[in-house]
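Structure file protein-v4.cif (mmCIF, N, CA and C atoms) follows.
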data_structure
#
loop_
_atom_site.label_atom_id
_atom_site.label_comp_id
_atom_site.auth_asym_id
_atom_site.auth_seq_id
_atom_site.Cartn_x
_atom_site.Cartn_y
_atom_site.Cartn_z
N MET I 1 0.85 -1.17 0.00
CA MET I 1 0.00 0.00 0.00
C MET I 1 0.90 1.23 0.00
N ASP I 2 0.55 2.16 -0.84
CA ASP I 2 1.29 3.40 -0.95
C ASP I 2 1.04 4.25 0.29
N GLN I 3 2.06 5.01 0.77
CA GLN I 3 1.95 5.81 1.99
C GLN I 3 0.88 6.90 1.84
N ARG I 4 0.77 7.50 0.65
CA ARG I 4 -0.19 8.57 0.44
C ARG I 4 -1.63 8.09 0.42
N THR I 5 -1.89 6.83 0.23
CA THR I 5 -3.26 6.32 0.20
C THR I 5 -3.62 5.59 1.49
N SER I 6 -2.72 5.52 2.45
CA SER I 6 -3.03 4.81 3.69
C SER I 6 -4.03 5.64 4.52
N PRO I 7 -4.88 4.99 5.30
CA PRO I 7 -5.86 5.70 6.13
C PRO I 7 -5.18 6.63 7.14
N PHE I 8 -4.04 6.22 7.69
CA PHE I 8 -3.33 7.04 8.66
C PHE I 8 -2.88 8.35 8.02
N PHE I 9 -2.29 8.27 6.84
CA PHE I 9 -1.79 9.47 6.18
C PHE I 9 -2.95 10.40 5.80
N SER I 10 -4.05 9.86 5.35
CA SER I 10 -5.21 10.66 4.97
C SER I 10 -5.76 11.41 6.18
N ARG I 11 -5.91 10.72 7.32
CA ARG I 11 -6.42 11.34 8.54
C ARG I 11 -5.43 12.38 9.05
N PHE I 12 -4.14 12.09 8.98
CA PHE I 12 -3.10 13.01 9.41
C PHE I 12 -3.13 14.30 8.58
N ALA I 13 -3.29 14.17 7.28
CA ALA I 13 -3.33 15.34 6.39
C ALA I 13 -4.55 16.20 6.70
N ARG I 14 -5.72 15.56 6.92
CA ARG I 14 -6.93 16.32 7.27
C ARG I 14 -6.75 17.08 8.57
N ASN I 15 -6.22 16.42 9.61
CA ASN I 15 -6.02 17.07 10.90
C ASN I 15 -5.01 18.22 10.80
N LEU I 16 -3.97 18.01 10.04
CA LEU I 16 -2.95 19.03 9.88
C LEU I 16 -3.53 20.27 9.18
N SER I 17 -4.35 20.07 8.18
CA SER I 17 -4.94 21.22 7.49
C SER I 17 -5.95 21.92 8.39
N ALA I 18 -6.70 21.19 9.20
CA ALA I 18 -7.65 21.82 10.13
C ALA I 18 -6.91 22.65 11.17
N ILE I 19 -5.81 22.15 11.66
CA ILE I 19 -5.01 22.89 12.63
C ILE I 19 -4.46 24.16 11.99
N GLY I 20 -3.99 24.06 10.77
CA GLY I 20 -3.46 25.23 10.06
C GLY I 20 -4.52 26.31 9.87
N ILE I 21 -5.72 25.91 9.52
CA ILE I 21 -6.81 26.88 9.35
C ILE I 21 -7.15 27.53 10.69
N GLY I 22 -7.21 26.74 11.75
CA GLY I 22 -7.49 27.27 13.08
C GLY I 22 -6.45 28.29 13.53
N VAL I 23 -5.19 27.97 13.32
CA VAL I 23 -4.11 28.89 13.70
C VAL I 23 -4.21 30.18 12.89
N ALA I 24 -4.51 30.08 11.62
CA ALA I 24 -4.63 31.27 10.78
C ALA I 24 -5.78 32.16 11.25
N LEU I 25 -6.91 31.57 11.64
CA LEU I 25 -8.04 32.35 12.13
C LEU I 25 -7.70 33.07 13.44
N VAL I 26 -7.05 32.37 14.34
CA VAL I 26 -6.67 32.98 15.62
C VAL I 26 -5.69 34.10 15.41
N MET I 27 -4.69 33.91 14.58
CA MET I 27 -3.70 34.95 14.31
C MET I 27 -4.35 36.17 13.65
N GLY I 28 -5.29 35.95 12.76
CA GLY I 28 -6.00 37.05 12.11
C GLY I 28 -6.81 37.86 13.12
N ALA I 29 -7.45 37.19 14.07
CA ALA I 29 -8.22 37.88 15.10
C ALA I 29 -7.31 38.70 16.00
N GLN I 30 -6.14 38.19 16.33
CA GLN I 30 -5.21 38.92 17.18
C GLN I 30 -4.69 40.17 16.48
N VAL I 31 -4.41 40.07 15.21
CA VAL I 31 -3.93 41.22 14.45
C VAL I 31 -5.00 42.29 14.38
N ALA I 32 -6.26 41.89 14.16
CA ALA I 32 -7.35 42.86 14.07
C ALA I 32 -7.52 43.60 15.39
N SER I 33 -7.46 42.90 16.52
CA SER I 33 -7.64 43.58 17.80
C SER I 33 -6.44 44.47 18.11
N ALA I 34 -5.26 44.07 17.72
CA ALA I 34 -4.07 44.91 17.95
C ALA I 34 -4.16 46.19 17.13
N ASP I 35 -4.66 46.11 15.91
CA ASP I 35 -4.82 47.30 15.08
C ASP I 35 -5.79 48.28 15.72
N GLU I 36 -6.85 47.76 16.31
CA GLU I 36 -7.84 48.63 16.94
C GLU I 36 -7.22 49.39 18.11
N LEU I 37 -6.39 48.75 18.89
CA LEU I 37 -5.76 49.40 20.01
C LEU I 37 -4.80 50.50 19.57
N VAL I 38 -4.08 50.25 18.50
CA VAL I 38 -3.11 51.22 18.01
C VAL I 38 -3.82 52.41 17.38
N MET I 39 -4.96 52.19 16.76
CA MET I 39 -5.66 53.24 16.06
C MET I 39 -6.35 54.22 17.01
N ARG I 40 -6.55 53.86 18.28
CA ARG I 40 -7.27 54.72 19.20
C ARG I 40 -6.39 55.14 20.36
N PRO I 41 -5.29 55.83 20.10
CA PRO I 41 -4.47 56.27 21.23
C PRO I 41 -5.24 57.31 22.02
N ASP I 42 -5.04 57.33 23.31
CA ASP I 42 -5.71 58.37 24.06
C ASP I 42 -4.94 58.66 25.33
N ILE I 43 -5.39 59.63 26.08
CA ILE I 43 -4.63 60.10 27.22
C ILE I 43 -5.12 59.48 28.52
N ASN I 44 -5.84 58.39 28.45
CA ASN I 44 -6.32 57.72 29.65
C ASN I 44 -5.16 57.18 30.48
N GLN I 45 -4.06 56.92 29.89
CA GLN I 45 -2.96 56.29 30.59
C GLN I 45 -1.84 57.29 30.84
N ALA I 46 -2.22 58.50 31.17
CA ALA I 46 -1.24 59.55 31.44
C ALA I 46 -0.42 59.18 32.68
N LYS I 47 0.84 59.46 32.62
CA LYS I 47 1.76 59.15 33.71
C LYS I 47 1.81 60.31 34.71
N PRO I 48 2.11 60.03 35.98
CA PRO I 48 2.23 61.11 36.95
C PRO I 48 3.24 62.16 36.46
N GLY I 49 2.85 63.42 36.62
CA GLY I 49 3.70 64.52 36.16
C GLY I 49 3.32 65.04 34.80
N SER I 50 2.53 64.29 34.03
CA SER I 50 2.12 64.76 32.70
C SER I 50 0.93 65.71 32.83
N THR I 51 0.66 66.45 31.79
CA THR I 51 -0.42 67.44 31.80
C THR I 51 -1.77 66.83 32.12
N TYR I 52 -2.03 65.65 31.59
CA TYR I 52 -3.35 65.05 31.72
C TYR I 52 -3.49 64.07 32.89
N TYR I 53 -2.51 63.99 33.75
CA TYR I 53 -2.63 63.11 34.92
C TYR I 53 -3.45 63.84 35.97
N VAL I 54 -4.61 63.30 36.33
CA VAL I 54 -5.52 63.98 37.26
C VAL I 54 -5.90 63.15 38.47
N HIS I 55 -5.47 61.93 38.54
CA HIS I 55 -5.92 61.02 39.60
C HIS I 55 -5.67 61.61 40.99
N GLY I 56 -6.76 61.73 41.78
CA GLY I 56 -6.65 62.19 43.15
C GLY I 56 -6.76 63.69 43.34
N LEU I 57 -6.78 64.47 42.26
CA LEU I 57 -6.89 65.92 42.39
C LEU I 57 -8.32 66.32 42.79
N SER I 58 -8.44 67.37 43.59
CA SER I 58 -9.76 67.85 44.00
C SER I 58 -10.38 68.65 42.86
N MET I 59 -11.66 68.97 43.01
CA MET I 59 -12.35 69.76 42.00
C MET I 59 -11.70 71.15 41.87
N ASN I 60 -11.29 71.73 43.00
CA ASN I 60 -10.62 73.04 42.95
C ASN I 60 -9.31 72.95 42.18
N GLN I 61 -8.54 71.89 42.39
CA GLN I 61 -7.27 71.72 41.68
C GLN I 61 -7.49 71.54 40.18
N ILE I 62 -8.55 70.81 39.81
CA ILE I 62 -8.87 70.62 38.39
C ILE I 62 -9.24 71.96 37.76
N THR I 63 -10.02 72.78 38.49
CA THR I 63 -10.39 74.10 37.97
C THR I 63 -9.16 74.97 37.78
N LYS I 64 -8.22 74.92 38.71
CA LYS I 64 -6.99 75.71 38.56
C LYS I 64 -6.15 75.21 37.39
N LYS I 65 -6.14 73.90 37.17
CA LYS I 65 -5.31 73.30 36.13
C LYS I 65 -5.88 73.53 34.73
N PHE I 66 -7.21 73.35 34.57
CA PHE I 66 -7.82 73.40 33.23
C PHE I 66 -8.82 74.54 33.04
N GLY I 67 -9.15 75.27 34.08
CA GLY I 67 -10.17 76.32 33.98
C GLY I 67 -11.56 75.75 34.20
N GLN I 68 -12.56 76.60 33.96
CA GLN I 68 -13.95 76.17 34.13
C GLN I 68 -14.36 75.24 32.98
N PRO I 69 -15.07 74.15 33.31
CA PRO I 69 -15.55 73.25 32.26
C PRO I 69 -16.69 73.89 31.48
N SER I 70 -16.93 73.37 30.28
CA SER I 70 -18.05 73.88 29.49
C SER I 70 -19.37 73.37 30.05
N ARG I 71 -19.35 72.19 30.70
CA ARG I 71 -20.57 71.64 31.34
C ARG I 71 -20.18 70.88 32.60
N LYS I 72 -21.00 71.00 33.64
CA LYS I 72 -20.85 70.21 34.85
C LYS I 72 -22.10 69.35 34.97
N LEU I 73 -21.93 68.06 34.88
CA LEU I 73 -23.07 67.16 34.95
C LEU I 73 -23.28 66.70 36.40
N ALA I 74 -24.52 66.59 36.78
CA ALA I 74 -24.88 66.20 38.15
C ALA I 74 -24.39 64.79 38.46
N PRO I 75 -24.17 64.50 39.75
CA PRO I 75 -23.72 63.16 40.12
C PRO I 75 -24.71 62.08 39.66
N ASP I 76 -24.17 60.97 39.25
CA ASP I 76 -24.99 59.84 38.79
C ASP I 76 -24.46 58.59 39.44
N PRO I 77 -25.18 57.81 40.17
CA PRO I 77 -26.60 57.98 40.50
C PRO I 77 -26.80 59.06 41.55
N ALA I 78 -28.06 59.50 41.68
CA ALA I 78 -28.38 60.56 42.62
C ALA I 78 -28.16 60.07 44.05
N LYS I 79 -27.93 61.00 44.96
CA LYS I 79 -27.71 60.65 46.36
C LYS I 79 -28.90 59.87 46.90
N GLY I 80 -28.61 58.94 47.77
CA GLY I 80 -29.67 58.17 48.41
C GLY I 80 -30.02 56.88 47.69
N THR I 81 -29.49 56.66 46.50
CA THR I 81 -29.78 55.40 45.81
C THR I 81 -28.79 54.34 46.28
N LYS I 82 -29.10 53.10 46.00
CA LYS I 82 -28.24 52.01 46.48
C LYS I 82 -26.95 51.89 45.68
N TYR I 83 -26.91 52.51 44.50
CA TYR I 83 -25.70 52.41 43.68
C TYR I 83 -24.76 53.55 44.05
N GLN I 84 -23.67 53.23 44.63
CA GLN I 84 -22.71 54.23 45.10
C GLN I 84 -21.32 53.82 44.65
N PRO I 85 -20.38 54.67 44.53
CA PRO I 85 -20.40 56.09 44.81
C PRO I 85 -20.93 56.86 43.62
N PRO I 86 -21.48 58.05 43.85
CA PRO I 86 -21.93 58.86 42.73
C PRO I 86 -20.73 59.38 41.93
N ILE I 87 -20.88 59.41 40.63
CA ILE I 87 -19.82 59.88 39.73
C ILE I 87 -20.27 61.20 39.11
N THR I 88 -19.44 62.23 39.24
CA THR I 88 -19.70 63.54 38.66
C THR I 88 -18.79 63.70 37.45
N ARG I 89 -19.33 64.33 36.39
CA ARG I 89 -18.52 64.55 35.18
C ARG I 89 -18.44 66.04 34.87
N TRP I 90 -17.24 66.46 34.53
CA TRP I 90 -17.01 67.82 34.02
C TRP I 90 -16.55 67.67 32.59
N VAL I 91 -17.25 68.32 31.69
CA VAL I 91 -16.94 68.20 30.26
C VAL I 91 -16.19 69.43 29.79
N TYR I 92 -15.02 69.21 29.22
CA TYR I 92 -14.20 70.23 28.59
C TYR I 92 -14.25 70.00 27.08
N PRO I 93 -13.82 70.95 26.26
CA PRO I 93 -13.90 70.77 24.80
C PRO I 93 -13.19 69.51 24.28
N GLU I 94 -12.04 69.15 24.87
CA GLU I 94 -11.27 68.02 24.34
C GLU I 94 -11.33 66.76 25.19
N PHE I 95 -11.85 66.85 26.41
CA PHE I 95 -11.86 65.69 27.30
C PHE I 95 -12.92 65.86 28.38
N THR I 96 -13.16 64.78 29.12
CA THR I 96 -14.08 64.78 30.25
C THR I 96 -13.32 64.27 31.47
N VAL I 97 -13.54 64.94 32.61
CA VAL I 97 -12.93 64.50 33.87
C VAL I 97 -14.02 63.89 34.72
N TYR I 98 -13.75 62.70 35.28
CA TYR I 98 -14.68 61.98 36.12
C TYR I 98 -14.24 62.11 37.58
N PHE I 99 -15.21 62.41 38.46
CA PHE I 99 -14.93 62.57 39.89
C PHE I 99 -15.72 61.55 40.70
N GLU I 100 -15.11 61.12 41.78
CA GLU I 100 -15.79 60.27 42.76
C GLU I 100 -15.59 60.96 44.11
N HIS I 101 -16.70 61.34 44.75
CA HIS I 101 -16.65 62.05 46.04
C HIS I 101 -15.76 63.29 45.98
N GLY I 102 -15.81 64.05 44.89
CA GLY I 102 -15.08 65.30 44.79
C GLY I 102 -13.63 65.20 44.39
N HIS I 103 -13.15 63.99 44.10
CA HIS I 103 -11.75 63.82 43.66
C HIS I 103 -11.72 63.15 42.28
N ALA I 104 -10.83 63.64 41.44
CA ALA I 104 -10.72 63.13 40.08
C ALA I 104 -10.22 61.69 40.08
N ILE I 105 -10.87 60.86 39.28
CA ILE I 105 -10.44 59.47 39.15
C ILE I 105 -9.99 59.14 37.73
N HIS I 106 -10.42 59.96 36.76
CA HIS I 106 -10.10 59.61 35.38
C HIS I 106 -10.29 60.81 34.47
N LEU I 107 -9.50 60.88 33.42
CA LEU I 107 -9.66 61.86 32.37
C LEU I 107 -9.73 61.09 31.05
N VAL I 108 -10.77 61.33 30.28
CA VAL I 108 -10.95 60.61 29.02
C VAL I 108 -11.01 61.61 27.87
N LYS I 109 -10.14 61.42 26.90
CA LYS I 109 -10.09 62.29 25.72
C LYS I 109 -11.27 61.96 24.81
N HIS I 110 -11.87 63.00 24.23
CA HIS I 110 -12.96 62.80 23.28
C HIS I 110 -12.37 62.38 21.93
N HIS I 111 -13.00 61.40 21.30
CA HIS I 111 -12.56 60.92 20.00
C HIS I 111 -13.55 61.38 18.94
N LYS I 112 -13.04 61.77 17.81
CA LYS I 112 -13.92 62.11 16.70
C LYS I 112 -14.45 60.81 16.11
N ARG I 113 -15.73 60.78 15.89
CA ARG I 113 -16.35 59.58 15.32
C ARG I 113 -16.08 59.52 13.81
N PRO I 114 -15.66 58.34 13.34
CA PRO I 114 -15.44 58.21 11.89
C PRO I 114 -16.77 58.31 11.15
N LYS I 115 -16.73 58.94 9.96
CA LYS I 115 -17.97 59.12 9.18
C LYS I 115 -18.24 57.95 8.30
#

Mind converting the file's structure to structure tokens?
Amino acid sequence: MDQRTSPFFSRFARNLSAIGIGVALVMGAQVASADELVMRPDINQAKPGSTYYVHGLSMNQITKKFGQPSRKLAPDPAKGTKYQPPITRWVYPEFTVYFEHGHAIHLVKHHKRPK
């Protein structure tokens, strides 16, 4: 019996091709997700000492650093609800600062939506 026509070789070839297709699909998915991360850089990961590092600053310190926001949104959820802590947002033209109990926890840069 020829090696290429044996049942073992036929099954081996099928399994090998299935594994190859699976690896190609996984690698393609990883590349797509990596591209998405690179395409959306933002200032959420600002390092201490940088302009956009706000973690732990009070509302007064944020006002001194960036000026008055264009909008101050009320705490969400409202006081007295079971969902705590309330989160307050201050919206600036290029970013939003999030506060928890009067201290900044995060700054998120606004992204332009693709058309």

Name the residues that the PyMOL selection byres ((chain I and resi 107) around 7) pulls out of this structure, and write them as a list in words. Ile43, Asn44, Tyr52, Val54, His55, Phe95, Thr96, Val97, Tyr98, Ala104, Ile105, His106, Val108 and Lys109 of chain I

Report, as AutoDock Vina command-line options, the axis-aligned box around all atoms of segment 47-51 of chain I present in the file, extended by 4 Å on each side; give centre and edge lengths in Å to one decimal place.
--center_x 1.0 --center_y 63.3 --center_z 34.4 --size_x 13.5 --size_y 16.3 --size_z 13.2

Running the PyMOL selection byres ((chain I and resi 58) around 6) on this model by hand, what would come out? Give it as a ChimeraX atom specification. /I:56-57,59-62,102-104

Store the residues picked out above in a file with N, CA and C atoms, as a PDB file, keeping the file's coordinate frame.
ATOM      1  N   GLY I  56      -6.760  61.730  41.780  1.00  0.00           N
ATOM      2  CA  GLY I  56      -6.650  62.190  43.150  1.00  0.00           C
ATOM      3  C   GLY I  56      -6.760  63.690  43.340  1.00  0.00           C
ATOM      4  N   LEU I  57      -6.780  64.470  42.260  1.00  0.00           N
ATOM      5  CA  LEU I  57      -6.890  65.920  42.390  1.00  0.00           C
ATOM      6  C   LEU I  57      -8.320  66.320  42.790  1.00  0.00           C
ATOM      7  N   MET I  59     -11.660  68.970  43.010  1.00  0.00           N
ATOM      8  CA  MET I  59     -12.350  69.760  42.000  1.00  0.00           C
ATOM      9  C   MET I  59     -11.700  71.150  41.870  1.00  0.00           C
ATOM     10  N   ASN I  60     -11.290  71.730  43.000  1.00  0.00           N
ATOM     11  CA  ASN I  60     -10.620  73.040  42.950  1.00  0.00           C
ATOM     12  C   ASN I  60      -9.310  72.950  42.180  1.00  0.00           C
ATOM     13  N   GLN I  61      -8.540  71.890  42.390  1.00  0.00           N
ATOM     14  CA  GLN I  61      -7.270  71.720  41.680  1.00  0.00           C
ATOM     15  C   GLN I  61      -7.490  71.540  40.180  1.00  0.00           C
ATOM     16  N   ILE I  62      -8.550  70.810  39.810  1.00  0.00           N
ATOM     17  CA  ILE I  62      -8.870  70.620  38.390  1.00  0.00           C
ATOM     18  C   ILE I  62      -9.240  71.960  37.760  1.00  0.00           C
ATOM     19  N   GLY I 102     -15.810  64.050  44.890  1.00  0.00           N
ATOM     20  CA  GLY I 102     -15.080  65.300  44.790  1.00  0.00           C
ATOM     21  C   GLY I 102     -13.630  65.200  44.390  1.00  0.00           C
ATOM     22  N   HIS I 103     -13.150  63.990  44.100  1.00  0.00           N
ATOM     23  CA  HIS I 103     -11.750  63.820  43.660  1.00  0.00           C
ATOM     24  C   HIS I 103     -11.720  63.150  42.280  1.00  0.00           C
ATOM     25  N   ALA I 104     -10.830  63.640  41.440  1.00  0.00           N
ATOM     26  CA  ALA I 104     -10.720  63.130  40.080  1.00  0.00           C
ATOM     27  C   ALA I 104     -10.220  61.690  40.080  1.00  0.00           C
TER      28      ALA I 104
END

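If you look at atom C of Arg113 of chain I and atom C of Tyr92 of chain I, they are 17.0 Å away from each other.
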
Quick check for you: according to DSSP on this backbone, which residues of segment 38-106 of chain I are classed as strand (DSSP E or B)? Reply as a CSV table (one decimal) with N, CA and C atoms, in the frame of the given file.
chain,number,residue,atom,x,y,z
I,58,SER,N,-8.4,67.4,43.6
I,58,SER,CA,-9.8,67.8,44.0
I,58,SER,C,-10.4,68.6,42.9
I,71,ARG,N,-19.4,72.2,30.7
I,71,ARG,CA,-20.6,71.6,31.3
I,71,ARG,C,-20.2,70.9,32.6
I,72,LYS,N,-21.0,71.0,33.6
I,72,LYS,CA,-20.8,70.2,34.8
I,72,LYS,C,-22.1,69.4,35.0
I,73,LEU,N,-21.9,68.1,34.9
I,73,LEU,CA,-23.1,67.2,35.0
I,73,LEU,C,-23.3,66.7,36.4
I,74,ALA,N,-24.5,66.6,36.8
I,74,ALA,CA,-24.9,66.2,38.2
I,74,ALA,C,-24.4,64.8,38.5
I,75,PRO,N,-24.2,64.5,39.8
I,75,PRO,CA,-23.7,63.2,40.1
I,75,PRO,C,-24.7,62.1,39.7
I,76,ASP,N,-24.2,61.0,39.2
I,76,ASP,CA,-25.0,59.8,38.8
I,76,ASP,C,-24.5,58.6,39.4
I,87,ILE,N,-20.9,59.4,40.6
I,87,ILE,CA,-19.8,59.9,39.7
I,87,ILE,C,-20.3,61.2,39.1
I,88,THR,N,-19.4,62.2,39.2
I,88,THR,CA,-19.7,63.5,38.7
I,88,THR,C,-18.8,63.7,37.4
I,89,ARG,N,-19.3,64.3,36.4
I,89,ARG,CA,-18.5,64.6,35.2
I,89,ARG,C,-18.4,66.0,34.9
I,90,TRP,N,-17.2,66.5,34.5
I,90,TRP,CA,-17.0,67.8,34.0
I,90,TRP,C,-16.6,67.7,32.6
I,91,VAL,N,-17.2,68.3,31.7
I,91,VAL,CA,-16.9,68.2,30.3
I,91,VAL,C,-16.2,69.4,29.8
I,95,PHE,N,-11.8,66.8,26.4
I,95,PHE,CA,-11.9,65.7,27.3
I,95,PHE,C,-12.9,65.9,28.4
I,96,THR,N,-13.2,64.8,29.1
I,96,THR,CA,-14.1,64.8,30.2
I,96,THR,C,-13.3,64.3,31.5
I,97,VAL,N,-13.5,64.9,32.6
I,97,VAL,CA,-12.9,64.5,33.9
I,97,VAL,C,-14.0,63.9,34.7
I,98,TYR,N,-13.8,62.7,35.3
I,98,TYR,CA,-14.7,62.0,36.1
I,98,TYR,C,-14.2,62.1,37.6
I,99,PHE,N,-15.2,62.4,38.5
I,99,PHE,CA,-14.9,62.6,39.9
I,99,PHE,C,-15.7,61.6,40.7
I,100,GLU,N,-15.1,61.1,41.8
I,100,GLU,CA,-15.8,60.3,42.8
I,100,GLU,C,-15.6,61.0,44.1
I,103,HIS,N,-13.2,64.0,44.1
I,103,HIS,CA,-11.8,63.8,43.7
I,103,HIS,C,-11.7,63.2,42.3
I,104,ALA,N,-10.8,63.6,41.4
I,104,ALA,CA,-10.7,63.1,40.1
I,104,ALA,C,-10.2,61.7,40.1
I,105,ILE,N,-10.9,60.9,39.3
I,105,ILE,CA,-10.4,59.5,39.2
I,105,ILE,C,-10.0,59.1,37.7
I,106,HIS,N,-10.4,60.0,36.8
I,106,HIS,CA,-10.1,59.6,35.4
I,106,HIS,C,-10.3,60.8,34.5

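With the shown file loaded, the PyMOL selection byres ((chain I and resi 72) around 8) picks out Gln68, Pro69, Ser70, Arg71, Leu73, Ala74, Pro75, Thr88, Arg89, Trp90, Val91 and Tyr92 of chain I.
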
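Atom to atom, atom CA of Pro48 of chain I and atom CA of Pro86 of chain I stand 24.9 Å apart.
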
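Picture a line from atom CA of Gln84 of chain I to atom CA of His101 of chain I; it runs 9.9 Å.
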
Of the residues I:Ile19, I:Gln45, I:Pro93, I:Arg11, which is the one nearest to Phe66 of chain I, using only C-alpha atoms? I:Pro93

Might you pull out every residue within 6 Å of Pro77 of chain I, with only N, CA and C atoms counted and same-chain residues fewer than 6 positions away left off, and present them as a VMD selection string? chain I and resid 83 85 to 87

Restricted to N, CA and C atoms, what would the selected residues look like written as a short mmCIF file (atom, residue, chain, number, x, y, z; two decimals), keeping the file's coordinate frame?
data_model
loop_
_atom_site.label_atom_id
_atom_site.label_comp_id
_atom_site.auth_asym_id
_atom_site.auth_seq_id
_atom_site.Cartn_x
_atom_site.Cartn_y
_atom_site.Cartn_z
N TYR I 83 -26.91 52.51 44.50
CA TYR I 83 -25.70 52.41 43.68
C TYR I 83 -24.76 53.55 44.05
N PRO I 85 -20.38 54.67 44.53
CA PRO I 85 -20.40 56.09 44.81
C PRO I 85 -20.93 56.86 43.62
N PRO I 86 -21.48 58.05 43.85
CA PRO I 86 -21.93 58.86 42.73
C PRO I 86 -20.73 59.38 41.93
N ILE I 87 -20.88 59.41 40.63
CA ILE I 87 -19.82 59.88 39.73
C ILE I 87 -20.27 61.20 39.11
#
